[in-house]
file data-v5.pdb (PDB, C-alpha atoms, pLDDT in the B column)
ATOM      1  CA  LEU L  78       6.960  -8.087  -4.405  1.00 46.00           C
ATOM      2  CA  SER L  79       4.116 -10.412  -5.374  1.00 52.00           C
ATOM      3  CA  ARG L  80       4.360 -12.031  -8.808  1.00 54.00           C
ATOM      4  CA  TYR L  81       1.585 -13.491 -10.946  1.00 50.00           C
ATOM      5  CA  VAL L  82       2.721 -15.608 -13.888  1.00 49.00           C
ATOM      6  CA  ASP L  83       0.837 -16.824 -16.964  1.00 48.00           C
ATOM      7  CA  GLU L  84       3.197 -18.997 -19.031  1.00 51.00           C
ATOM      8  CA  GLU L  85       5.934 -16.540 -20.086  1.00 58.00           C
ATOM      9  CA  LEU L  86       4.099 -13.420 -18.881  1.00 67.00           C
ATOM     10  CA  GLN L  87       4.239 -12.030 -15.412  1.00 75.00           C
ATOM     11  CA  VAL L  88       3.172  -8.946 -13.508  1.00 73.00           C
ATOM     12  CA  GLU L  89       4.618  -7.615 -10.290  1.00 77.00           C
ATOM     13  CA  LEU L  90       3.050  -5.745  -7.399  1.00 75.00           C
ATOM     14  CA  TRP L  91       4.318  -4.551  -4.083  1.00 72.00           C
ATOM     15  CA  SER L  92       2.831  -6.752  -1.363  1.00 80.00           C
ATOM     16  CA  GLY L  93       1.041  -3.768   0.161  1.00 82.00           C
ATOM     17  CA  HIS L  94      -0.734  -3.023  -3.106  1.00 80.00           C
ATOM     18  CA  TYR L  95      -1.647  -6.672  -3.510  1.00 88.00           C
ATOM     19  CA  SER L  96      -3.172  -6.746  -0.037  1.00 90.00           C
ATOM     20  CA  GLN L  97      -5.172  -3.588  -0.732  1.00 88.00           C
ATOM     21  CA  LEU L  98      -6.471  -4.919  -4.049  1.00 91.00           C
ATOM     22  CA  ARG L  99      -7.315  -8.313  -2.561  1.00 93.00           C
ATOM     23  CA  GLY L 100      -9.109  -6.656   0.341  1.00 91.00           C
ATOM     24  CA  ALA L 101     -11.176  -4.463  -1.974  1.00 91.00           C
ATOM     25  CA  TYR L 102     -12.048  -7.407  -4.235  1.00 91.00           C
ATOM     26  CA  GLU L 103     -13.036  -9.613  -1.306  1.00 93.00           C
ATOM     27  CA  GLY L 104     -14.974  -6.798   0.327  1.00 93.00           C
ATOM     28  CA  PHE L 105     -17.233  -6.504  -2.701  1.00 91.00           C
ATOM     29  CA  GLY L 106     -18.031 -10.210  -2.454  1.00 93.00           C
ATOM     30  CA  HIS L 107     -16.549 -11.285  -5.780  1.00 94.00           C
ATOM     31  CA  ASP L 108     -15.555 -14.856  -6.588  1.00 95.00           C
ATOM     32  CA  MET L 109     -12.152 -15.350  -4.949  1.00 95.00           C
ATOM     33  CA  ARG L 110     -11.328 -18.113  -7.424  1.00 95.00           C
ATOM     34  CA  LEU L 111     -11.094 -15.431 -10.121  1.00 95.00           C
ATOM     35  CA  LEU L 112      -9.056 -12.953  -8.091  1.00 94.00           C
ATOM     36  CA  HIS L 113      -5.662 -13.610  -9.664  1.00 92.00           C
ATOM     37  CA  CYS L 114      -7.089 -13.849 -13.166  1.00 92.00           C
ATOM     38  CA  ARG L 115      -8.766 -10.468 -12.802  1.00 94.00           C
ATOM     39  CA  LEU L 116      -5.751  -8.988 -11.069  1.00 92.00           C
ATOM     40  CA  PHE L 117      -3.497 -10.167 -13.884  1.00 91.00           C
ATOM     41  CA  ALA L 118      -5.844  -8.593 -16.457  1.00 92.00           C
ATOM     42  CA  LEU L 119      -5.928  -5.324 -14.513  1.00 91.00           C
ATOM     43  CA  VAL L 120      -2.173  -4.919 -14.168  1.00 88.00           C
ATOM     44  CA  SER L 121      -1.482  -6.125 -17.707  1.00 85.00           C
ATOM     45  CA  ARG L 122      -3.934  -3.580 -19.156  1.00 85.00           C
ATOM     46  CA  TYR L 123      -2.249  -0.639 -17.456  1.00 83.00           C
ATOM     47  CA  SER L 124       1.249  -1.964 -18.089  1.00 78.00           C
ATOM     48  CA  ALA L 125       0.510  -2.245 -21.810  1.00 76.00           C
ATOM     49  CA  LEU L 126      -0.609   1.374 -21.941  1.00 74.00           C
ATOM     50  CA  ALA L 127       2.411   2.450 -19.928  1.00 66.00           C
ATOM     51  CA  ALA L 128       4.567   1.605 -22.929  1.00 63.00           C
ATOM     52  CA  ASP L 129       3.560   4.960 -24.429  1.00 59.00           C
ATOM     53  CA  LYS L 130       3.352   6.691 -21.034  1.00 54.00           C
ATOM     54  CA  SER L 131      -0.412   7.054 -21.186  1.00 47.00           C
ATOM     55  CA  ALA L 132      -1.513   4.790 -18.361  1.00 38.00           C
ATOM     56  CA  PHE L 133      -0.077   6.059 -15.108  1.00 48.00           C
ATOM     57  CA  GLN L 134      -0.772   9.724 -14.584  1.00 66.00           C
ATOM     58  CA  ALA L 135       0.856  11.073 -11.455  1.00 78.00           C
ATOM     59  CA  ALA L 136      -1.260  11.329  -8.303  1.00 88.00           C
ATOM     60  CA  LEU L 137      -1.465  14.001  -5.640  1.00 93.00           C
ATOM     61  CA  PRO L 138       0.645  13.356  -2.534  1.00 93.00           C
ATOM     62  CA  ARG L 139      -1.119  11.484   0.248  1.00 92.00           C
ATOM     63  CA  PRO L 140      -0.864  14.432   2.714  1.00 94.00           C
ATOM     64  CA  MET L 141      -2.712  16.614   0.225  1.00 96.00           C
ATOM     65  CA  MET L 142      -5.448  14.029  -0.246  1.00 95.00           C
ATOM     66  CA  ARG L 143      -5.818  13.589   3.508  1.00 95.00           C
ATOM     67  CA  LEU L 144      -6.207  17.338   3.928  1.00 97.00           C
ATOM     68  CA  LEU L 145      -8.967  17.471   1.313  1.00 98.00           C
ATOM     69  CA  LYS L 146     -10.732  14.583   3.020  1.00 97.00           C
ATOM     70  CA  GLU L 147     -10.429  15.982   6.539  1.00 97.00           C
ATOM     71  CA  ARG L 148     -11.396  19.572   5.750  1.00 97.00           C
ATOM     72  CA  TRP L 149     -13.912  19.241   2.944  1.00 97.00           C
ATOM     73  CA  GLY L 150     -15.032  15.627   3.190  1.00 97.00           C
ATOM     74  CA  VAL L 151     -13.580  14.652  -0.189  1.00 97.00           C
ATOM     75  CA  THR L 152     -13.969  10.875  -0.517  1.00 92.00           C
ATOM     76  CA  HIS L 153     -13.961  10.405  -4.300  1.00 97.00           C
ATOM     77  CA  GLU L 154     -11.149  10.727  -6.855  1.00 97.00           C
ATOM     78  CA  CYS L 155     -12.507  11.466 -10.323  1.00 97.00           C
ATOM     79  CA  TYR L 156      -9.385  10.162 -12.092  1.00 95.00           C
ATOM     80  CA  ALA L 157      -7.544   7.219 -10.538  1.00 93.00           C
ATOM     81  CA  SER L 158      -7.146   3.475 -10.934  1.00 90.00           C
ATOM     82  CA  PRO L 159      -7.290   0.510  -8.568  1.00 92.00           C
ATOM     83  CA  LEU L 160      -3.483   0.640  -8.605  1.00 88.00           C
ATOM     84  CA  ASN L 161      -3.023   4.216  -7.407  1.00 86.00           C
ATOM     85  CA  ARG L 162      -6.250   5.273  -5.731  1.00 88.00           C
ATOM     86  CA  CYS L 163      -6.061   6.903  -2.318  1.00 88.00           C
ATOM     87  CA  LEU L 164      -9.662   7.602  -1.331  1.00 90.00           C
ATOM     88  CA  ALA L 165     -12.527   5.243  -0.589  1.00 84.00           C
ATOM     89  CA  THR L 166     -14.202   5.655  -3.976  1.00 94.00           C
ATOM     90  CA  PHE L 167     -12.758   6.520  -7.356  1.00 95.00           C
ATOM     91  CA  GLY L 168     -13.388   6.679 -11.060  1.00 96.00           C
ATOM     92  CA  SER L 169     -11.125   5.167 -13.707  1.00 94.00           C
ATOM     93  CA  VAL L 170     -10.922   4.609 -17.422  1.00 90.00           C
ATOM     94  CA  PHE L 171     -11.460   0.838 -17.747  1.00 92.00           C
ATOM     95  CA  ASP L 172     -14.753  -0.417 -16.376  1.00 92.00           C
ATOM     96  CA  ASP L 173     -14.259  -4.030 -17.446  1.00 94.00           C
ATOM     97  CA  THR L 174     -11.047  -4.630 -15.492  1.00 95.00           C
ATOM     98  CA  ASP L 175     -11.343  -1.972 -12.779  1.00 95.00           C
ATOM     99  CA  LYS L 176     -14.895  -2.527 -11.516  1.00 96.00           C
ATOM    100  CA  TRP L 177     -13.881  -5.694  -9.661  1.00 96.00           C
ATOM    101  CA  PHE L 178     -11.626  -3.580  -7.435  1.00 95.00           C
ATOM    102  CA  GLY L 179     -14.042  -0.737  -6.681  1.00 93.00           C
ATOM    103  CA  SER L 180     -13.987   1.648  -9.645  1.00 95.00           C
ATOM    104  CA  SER L 181     -17.202   3.544 -10.331  1.00 95.00           C
ATOM    105  CA  GLY L 182     -16.221   3.883 -13.989  1.00 95.00           C
ATOM    106  CA  SER L 183     -15.446   6.842 -16.196  1.00 96.00           C
ATOM    107  CA  PHE L 184     -15.629  10.349 -14.782  1.00 97.00           C
ATOM    108  CA  TYR L 185     -17.627  11.311 -17.855  1.00 97.00           C
ATOM    109  CA  ALA L 186     -20.422   8.949 -16.822  1.00 96.00           C
ATOM    110  CA  PHE L 187     -20.288  10.238 -13.235  1.00 96.00           C
ATOM    111  CA  ARG L 188     -23.225  12.530 -12.356  1.00 97.00           C
ATOM    112  CA  PRO L 189     -22.901  13.849  -8.798  1.00 97.00           C
ATOM    113  CA  VAL L 190     -25.249  16.644  -7.749  1.00 98.00           C
ATOM    114  CA  SER L 191     -23.676  17.447  -4.387  1.00 98.00           C
ATOM    115  CA  GLY L 192     -20.431  17.023  -2.487  1.00 98.00           C
ATOM    116  CA  CYS L 193     -16.781  17.868  -3.074  1.00 98.00           C
ATOM    117  CA  TYR L 194     -14.524  15.930  -5.454  1.00 98.00           C
ATOM    118  CA  GLU L 195     -10.858  15.804  -6.447  1.00 98.00           C
ATOM    119  CA  ALA L 196      -9.989  15.720 -10.148  1.00 98.00           C
ATOM    120  CA  ASN L 197      -6.443  15.182 -11.381  1.00 95.00           C
ATOM    121  CA  PRO L 198      -6.848  14.209 -15.049  1.00 95.00           C
ATOM    122  CA  PRO L 199      -4.094  12.810 -17.266  1.00 90.00           C
ATOM    123  CA  PHE L 200      -1.807  15.642 -18.293  1.00 89.00           C
ATOM    124  CA  ASP L 201      -2.581  15.643 -22.015  1.00 90.00           C
ATOM    125  CA  THR L 202      -4.553  18.493 -23.539  1.00 92.00           C
ATOM    126  CA  SER L 203      -7.571  16.448 -24.643  1.00 94.00           C
ATOM    127  CA  SER L 204      -8.070  14.971 -21.160  1.00 94.00           C
ATOM    128  CA  VAL L 205      -7.814  18.364 -19.486  1.00 96.00           C
ATOM    129  CA  GLN L 206     -10.282  19.818 -21.991  1.00 97.00           C
ATOM    130  CA  ALA L 207     -12.761  17.016 -21.316  1.00 97.00           C
ATOM    131  CA  CYS L 208     -12.366  17.537 -17.578  1.00 98.00           C
ATOM    132  CA  PHE L 209     -13.175  21.248 -17.787  1.00 98.00           C
ATOM    133  CA  ARG L 210     -16.223  20.594 -19.960  1.00 98.00           C
ATOM    134  CA  HIS L 211     -17.663  17.923 -17.677  1.00 98.00           C
ATOM    135  CA  VAL L 212     -17.028  19.891 -14.493  1.00 98.00           C
ATOM    136  CA  GLY L 213     -18.777  22.904 -16.017  1.00 98.00           C
ATOM    137  CA  ALA L 214     -21.763  20.804 -17.107  1.00 98.00           C
ATOM    138  CA  LEU L 215     -22.144  19.187 -13.686  1.00 98.00           C
ATOM    139  CA  LEU L 216     -21.967  22.478 -11.809  1.00 98.00           C
ATOM    140  CA  GLY L 217     -24.406  24.109 -14.173  1.00 98.00           C
ATOM    141  CA  ALA L 218     -26.933  21.313 -13.683  1.00 98.00           C
ATOM    142  CA  SER L 219     -26.845  21.142  -9.864  1.00 98.00           C
ATOM    143  CA  ASP L 220     -29.035  23.026  -7.402  1.00 97.00           C
ATOM    144  CA  GLU L 221     -27.180  21.544  -4.428  1.00 98.00           C
ATOM    145  CA  PRO L 222     -23.725  22.299  -2.952  1.00 98.00           C
ATOM    146  CA  LEU L 223     -21.161  21.008  -5.443  1.00 98.00           C
ATOM    147  CA  CYS L 224     -17.397  21.539  -5.655  1.00 98.00           C
ATOM    148  CA  PHE L 225     -14.457  20.244  -7.690  1.00 98.00           C
ATOM    149  CA  VAL L 226     -10.788  20.726  -6.888  1.00 98.00           C
ATOM    150  CA  VAL L 227      -9.009  20.291 -10.223  1.00 98.00           C
ATOM    151  CA  VAL L 228      -5.218  19.972 -10.396  1.00 97.00           C
ATOM    152  CA  VAL L 229      -3.480  20.148 -13.779  1.00 96.00           C
ATOM    153  CA  PRO L 230      -0.153  21.344 -15.177  1.00 93.00           C
ATOM    154  CA  GLU L 231       0.110  24.965 -16.210  1.00 95.00           C
ATOM    155  CA  MET L 232      -0.762  24.828 -19.913  1.00 93.00           C
ATOM    156  CA  ASP L 233      -0.832  27.235 -22.833  1.00 90.00           C
ATOM    157  CA  MET L 234      -4.417  28.299 -23.357  1.00 86.00           C
ATOM    158  CA  SER L 235      -4.782  27.370 -27.010  1.00 85.00           C
ATOM    159  CA  SER L 236      -8.104  28.150 -28.645  1.00 89.00           C
ATOM    160  CA  SER L 237      -9.469  24.642 -28.004  1.00 93.00           C
ATOM    161  CA  LEU L 238      -8.304  24.561 -24.385  1.00 96.00           C
ATOM    162  CA  ALA L 239      -9.613  28.080 -23.803  1.00 96.00           C
ATOM    163  CA  ARG L 240     -13.043  27.059 -25.115  1.00 96.00           C
ATOM    164  CA  ALA L 241     -13.130  24.066 -22.792  1.00 97.00           C
ATOM    165  CA  PHE L 242     -11.992  26.158 -19.822  1.00 98.00           C
ATOM    166  CA  ALA L 243     -14.784  28.642 -20.595  1.00 98.00           C
ATOM    167  CA  CYS L 244     -17.326  25.910 -19.768  1.00 98.00           C
ATOM    168  CA  ALA L 245     -16.123  25.800 -16.168  1.00 98.00           C
ATOM    169  CA  LYS L 246     -14.880  29.376 -15.747  1.00 98.00           C
ATOM    170  CA  PRO L 247     -18.223  30.805 -14.495  1.00 98.00           C
ATOM    171  CA  PHE L 248     -17.800  28.541 -11.455  1.00 98.00           C
ATOM    172  CA  LEU L 249     -14.142  29.353 -10.754  1.00 98.00           C
ATOM    173  CA  ARG L 250     -13.857  30.705  -7.214  1.00 98.00           C
ATOM    174  CA  HIS L 251     -10.080  30.666  -6.906  1.00 98.00           C
ATOM    175  CA  HIS L 252      -6.944  29.388  -8.595  1.00 98.00           C
ATOM    176  CA  GLU L 253      -3.499  28.904  -7.133  1.00 98.00           C
ATOM    177  CA  VAL L 254      -0.079  28.193  -8.640  1.00 98.00           C
ATOM    178  CA  ALA L 255       2.182  25.475  -7.253  1.00 97.00           C
ATOM    179  CA  LYS L 256       5.643  26.538  -8.344  1.00 96.00           C
ATOM    180  CA  VAL L 257       7.755  24.154 -10.363  1.00 93.00           C
ATOM    181  CA  SER L 258      10.464  23.586  -7.764  1.00 89.00           C
ATOM    182  CA  GLU L 259       8.096  23.472  -4.798  1.00 93.00           C
ATOM    183  CA  HIS L 260       5.783  20.506  -5.338  1.00 94.00           C
ATOM    184  CA  ALA L 261       5.824  16.837  -6.270  1.00 93.00           C
ATOM    185  CA  TYR L 262       3.431  14.149  -7.461  1.00 91.00           C
ATOM    186  CA  LEU L 263       3.213  10.555  -6.323  1.00 86.00           C
ATOM    187  CA  MET L 264       4.445   8.441  -9.221  1.00 75.00           C
ATOM    188  CA  GLY L 265       1.850   6.600 -11.242  1.00 60.00           C
ATOM    189  CA  LEU L 266       3.899   3.380 -11.194  1.00 59.00           C
ATOM    190  CA  GLN L 267       3.845   3.291  -7.414  1.00 52.00           C
ATOM    191  CA  HIS L 268       2.454  -0.284  -7.378  1.00 48.00           C
ATOM    192  CA  GLN L 269       5.648  -1.858  -8.746  1.00 51.00           C
ATOM    193  CA  ARG L 270       9.420  -1.605  -8.580  1.00 50.00           C
ATOM    194  CA  THR L 271      10.825   1.056 -10.927  1.00 52.00           C
ATOM    195  CA  GLY L 272      14.201   2.713 -11.421  1.00 48.00           C
ATOM    196  CA  HIS L 273      15.880   3.345  -8.092  1.00 49.00           C
ATOM    197  CA  GLY L 274      12.703   3.017  -6.056  1.00 52.00           C
ATOM    198  CA  GLU L 275      11.566   6.626  -6.414  1.00 58.00           C
ATOM    199  CA  ARG L 276       8.032   7.323  -5.176  1.00 73.00           C
ATOM    200  CA  TYR L 277       7.708  10.980  -6.177  1.00 80.00           C
ATOM    201  CA  TRP L 278       7.960  12.816  -9.470  1.00 82.00           C
ATOM    202  CA  HIS L 279       9.048  16.456  -9.633  1.00 87.00           C
ATOM    203  CA  PRO L 280       7.412  18.182 -12.620  1.00 88.00           C
ATOM    204  CA  VAL L 281       9.283  20.543 -14.920  1.00 89.00           C
ATOM    205  CA  LYS L 282       6.525  23.152 -14.943  1.00 93.00           C
ATOM    206  CA  ASN L 283       4.118  24.821 -12.545  1.00 96.00           C
ATOM    207  CA  SER L 284       0.857  23.155 -11.568  1.00 96.00           C
ATOM    208  CA  MET L 285      -2.508  24.852 -11.223  1.00 97.00           C
ATOM    209  CA  LEU L 286      -5.103  24.283  -8.526  1.00 98.00           C
ATOM    210  CA  TYR L 287      -8.596  25.314  -9.629  1.00 98.00           C
ATOM    211  CA  PHE L 288     -11.512  25.527  -7.223  1.00 98.00           C
ATOM    212  CA  PHE L 289     -14.784  25.247  -9.146  1.00 98.00           C
ATOM    213  CA  GLN L 290     -18.010  25.639  -7.142  1.00 98.00           C
ATOM    214  CA  ASN L 291     -21.611  26.550  -7.679  1.00 98.00           C
ATOM    215  CA  ARG L 292     -23.123  29.146  -5.337  1.00 98.00           C
ATOM    216  CA  LEU L 293     -24.132  26.686  -2.628  1.00 98.00           C
ATOM    217  CA  GLY L 294     -20.837  24.879  -3.020  1.00 98.00           C
ATOM    218  CA  ALA L 295     -18.955  28.105  -2.317  1.00 98.00           C
ATOM    219  CA  GLU L 296     -20.968  28.517   0.883  1.00 98.00           C
ATOM    220  CA  SER L 297     -20.417  24.924   2.013  1.00 98.00           C
ATOM    221  CA  TYR L 298     -16.726  24.720   1.065  1.00 98.00           C
ATOM    222  CA  PRO L 299     -15.235  28.173   1.633  1.00 97.00           C
ATOM    223  CA  VAL L 300     -11.899  28.695  -0.112  1.00 98.00           C
ATOM    224  CA  THR L 301      -9.864  30.513   2.526  1.00 98.00           C
ATOM    225  CA  ALA L 302      -6.309  31.778   2.226  1.00 97.00           C
ATOM    226  CA  ASP L 303      -5.244  29.571   5.137  1.00 98.00           C
ATOM    227  CA  PHE L 304      -6.700  26.419   3.586  1.00 98.00           C
ATOM    228  CA  VAL L 305      -5.108  27.114   0.211  1.00 98.00           C
ATOM    229  CA  ALA L 306      -1.754  27.690   1.909  1.00 97.00           C
ATOM    230  CA  GLU L 307      -2.069  24.350   3.709  1.00 97.00           C
ATOM    231  CA  LEU L 308      -2.814  22.586   0.430  1.00 97.00           C
ATOM    232  CA  ILE L 309       0.213  24.135  -1.245  1.00 97.00           C
ATOM    233  CA  GLN L 310       2.353  23.082   1.711  1.00 96.00           C
ATOM    234  CA  ALA L 311       0.961  19.531   1.513  1.00 96.00           C
ATOM    235  CA  PHE L 312       1.813  19.484  -2.195  1.00 96.00           C
ATOM    236  CA  LYS L 313       5.467  19.635  -1.126  1.00 92.00           C
ATOM    237  CA  ALA L 314       5.180  16.851   1.390  1.00 66.00           C
ATOM    238  CA  VAL L 315       6.313  13.239   1.129  1.00 63.00           C
ATOM    239  CA  ASP L 316       5.067  10.474   3.373  1.00 57.00           C
TER
END
call {"tool": "encode", "arguments": {"input": "data-v5.pdb", "output": "structure tokens"}}
result
Amino acid sequence: LSRYVDEELQVELWSGHYSQLRGAYEGFGHDMRLLHCRLFALVSRYSALAADKSAFQAALPRPMMRLLKERWGVTHECYASPLNRCLATFGSVFDDTDKWFGSSGSFYAFRPVSGCYEANPPFDTSSVQACFRHVGALLGASDEPLCFVVVVPEMDMSSSLARAFACAKPFLRHHEVAKVSEHAYLMGLQHQRTGHGERYWHPVKNSMLYFFQNRLGAESYPVTADFVAELIQAFKAVD
């Protein structure tokens, strides 16, 4: 573990995460004299939010992300952080602390018109609603191939959630259920030592995979039974 101490406060990171964050920061040409200050602010921000379990949403397993990248060219995570990102580019909630380590900012300020993207929003109802609304708006505005793979827990379709889902539903090409006992998420606190060193979290409910595409997106990124089966299998995997 790497430790960064400010008087009586300290944050901890696995050395591998520190190296990745340092490499990203240096690669963007930022002032290396401010690295540890900005790193301390980053980790402290997310750790403070973790006190009410709102900061570290679980991530998709690495094998699943690699499959999306290899097959469909997915290189951007719509919901991540510098601490848990897997792909080359990502969006996150805190621009002020996260931008130094590569974040493109909030998903809701993200305006892609083409390509394929992975979206795994925080598992609270308001975040999932906002995700559905934004995905629907982006697909409706694009005349180029556009696709979103959205992964969320199976949720009761309350009136507010149903209205949000309706924004994206015209673009739904396929949905698949990952059964409760047959998949796992990479833990959000993967950057530091927790509990007994667990890396994966097994949810207590099913998860849903939604494939939202406009017409050209459906042609460019065909949702085949074989590909969906591979994704579900990768959802079980640990690396």
call {"tool": "resolve_selection", "arguments": {"input": "data-v5.pdb", "expression": "the PyMOL selection byres ((chain L and resi 165-178) around 7)", "output": "list in words"}}
result
Leu98, Ala101, Tyr102, Arg115, Ala118, Leu119, Thr152, His153, Glu154, Cys155, Tyr156, Ala157, Ser158, Pro159, Arg162, Cys163, Leu164, Gly179, Ser180, Ser181, Gly182, Ser183 and Phe184 of chain L
call {"tool": "residues_around", "arguments": {"input": "data-v5.pdb", "residues": "region 297-305 of chain L", "least_positions_apart": "2", "cutoff": "9 Å", "atoms": "all atoms listed in the file", "output": "ChimeraX atom specification"}}
result
/L:148-149,193,222-224,250-251,253,288,290,292-295,307-310
call {"tool": "closest_residue", "arguments": {"input": "data-v5.pdb", "among": "L:Phe312, L:Ala214, L:Ser237, L:Leu137", "to": "Asn197 (chain L)", "atoms": "only C-alpha atoms"}}
result
L:Leu137
call {"tool": "atom_distance", "arguments": {"input": "data-v5.pdb", "atom1": "CA of Cys114 (chain L)", "atom2": "CA of Phe187 (chain L)"}}
result
27.5 Å
call {"tool": "atom_distance", "arguments": {"input": "data-v5.pdb", "atom1": "CA of Pro230 (chain L)", "atom2": "CA of Leu216 (chain L)"}}
result
22.1 Å
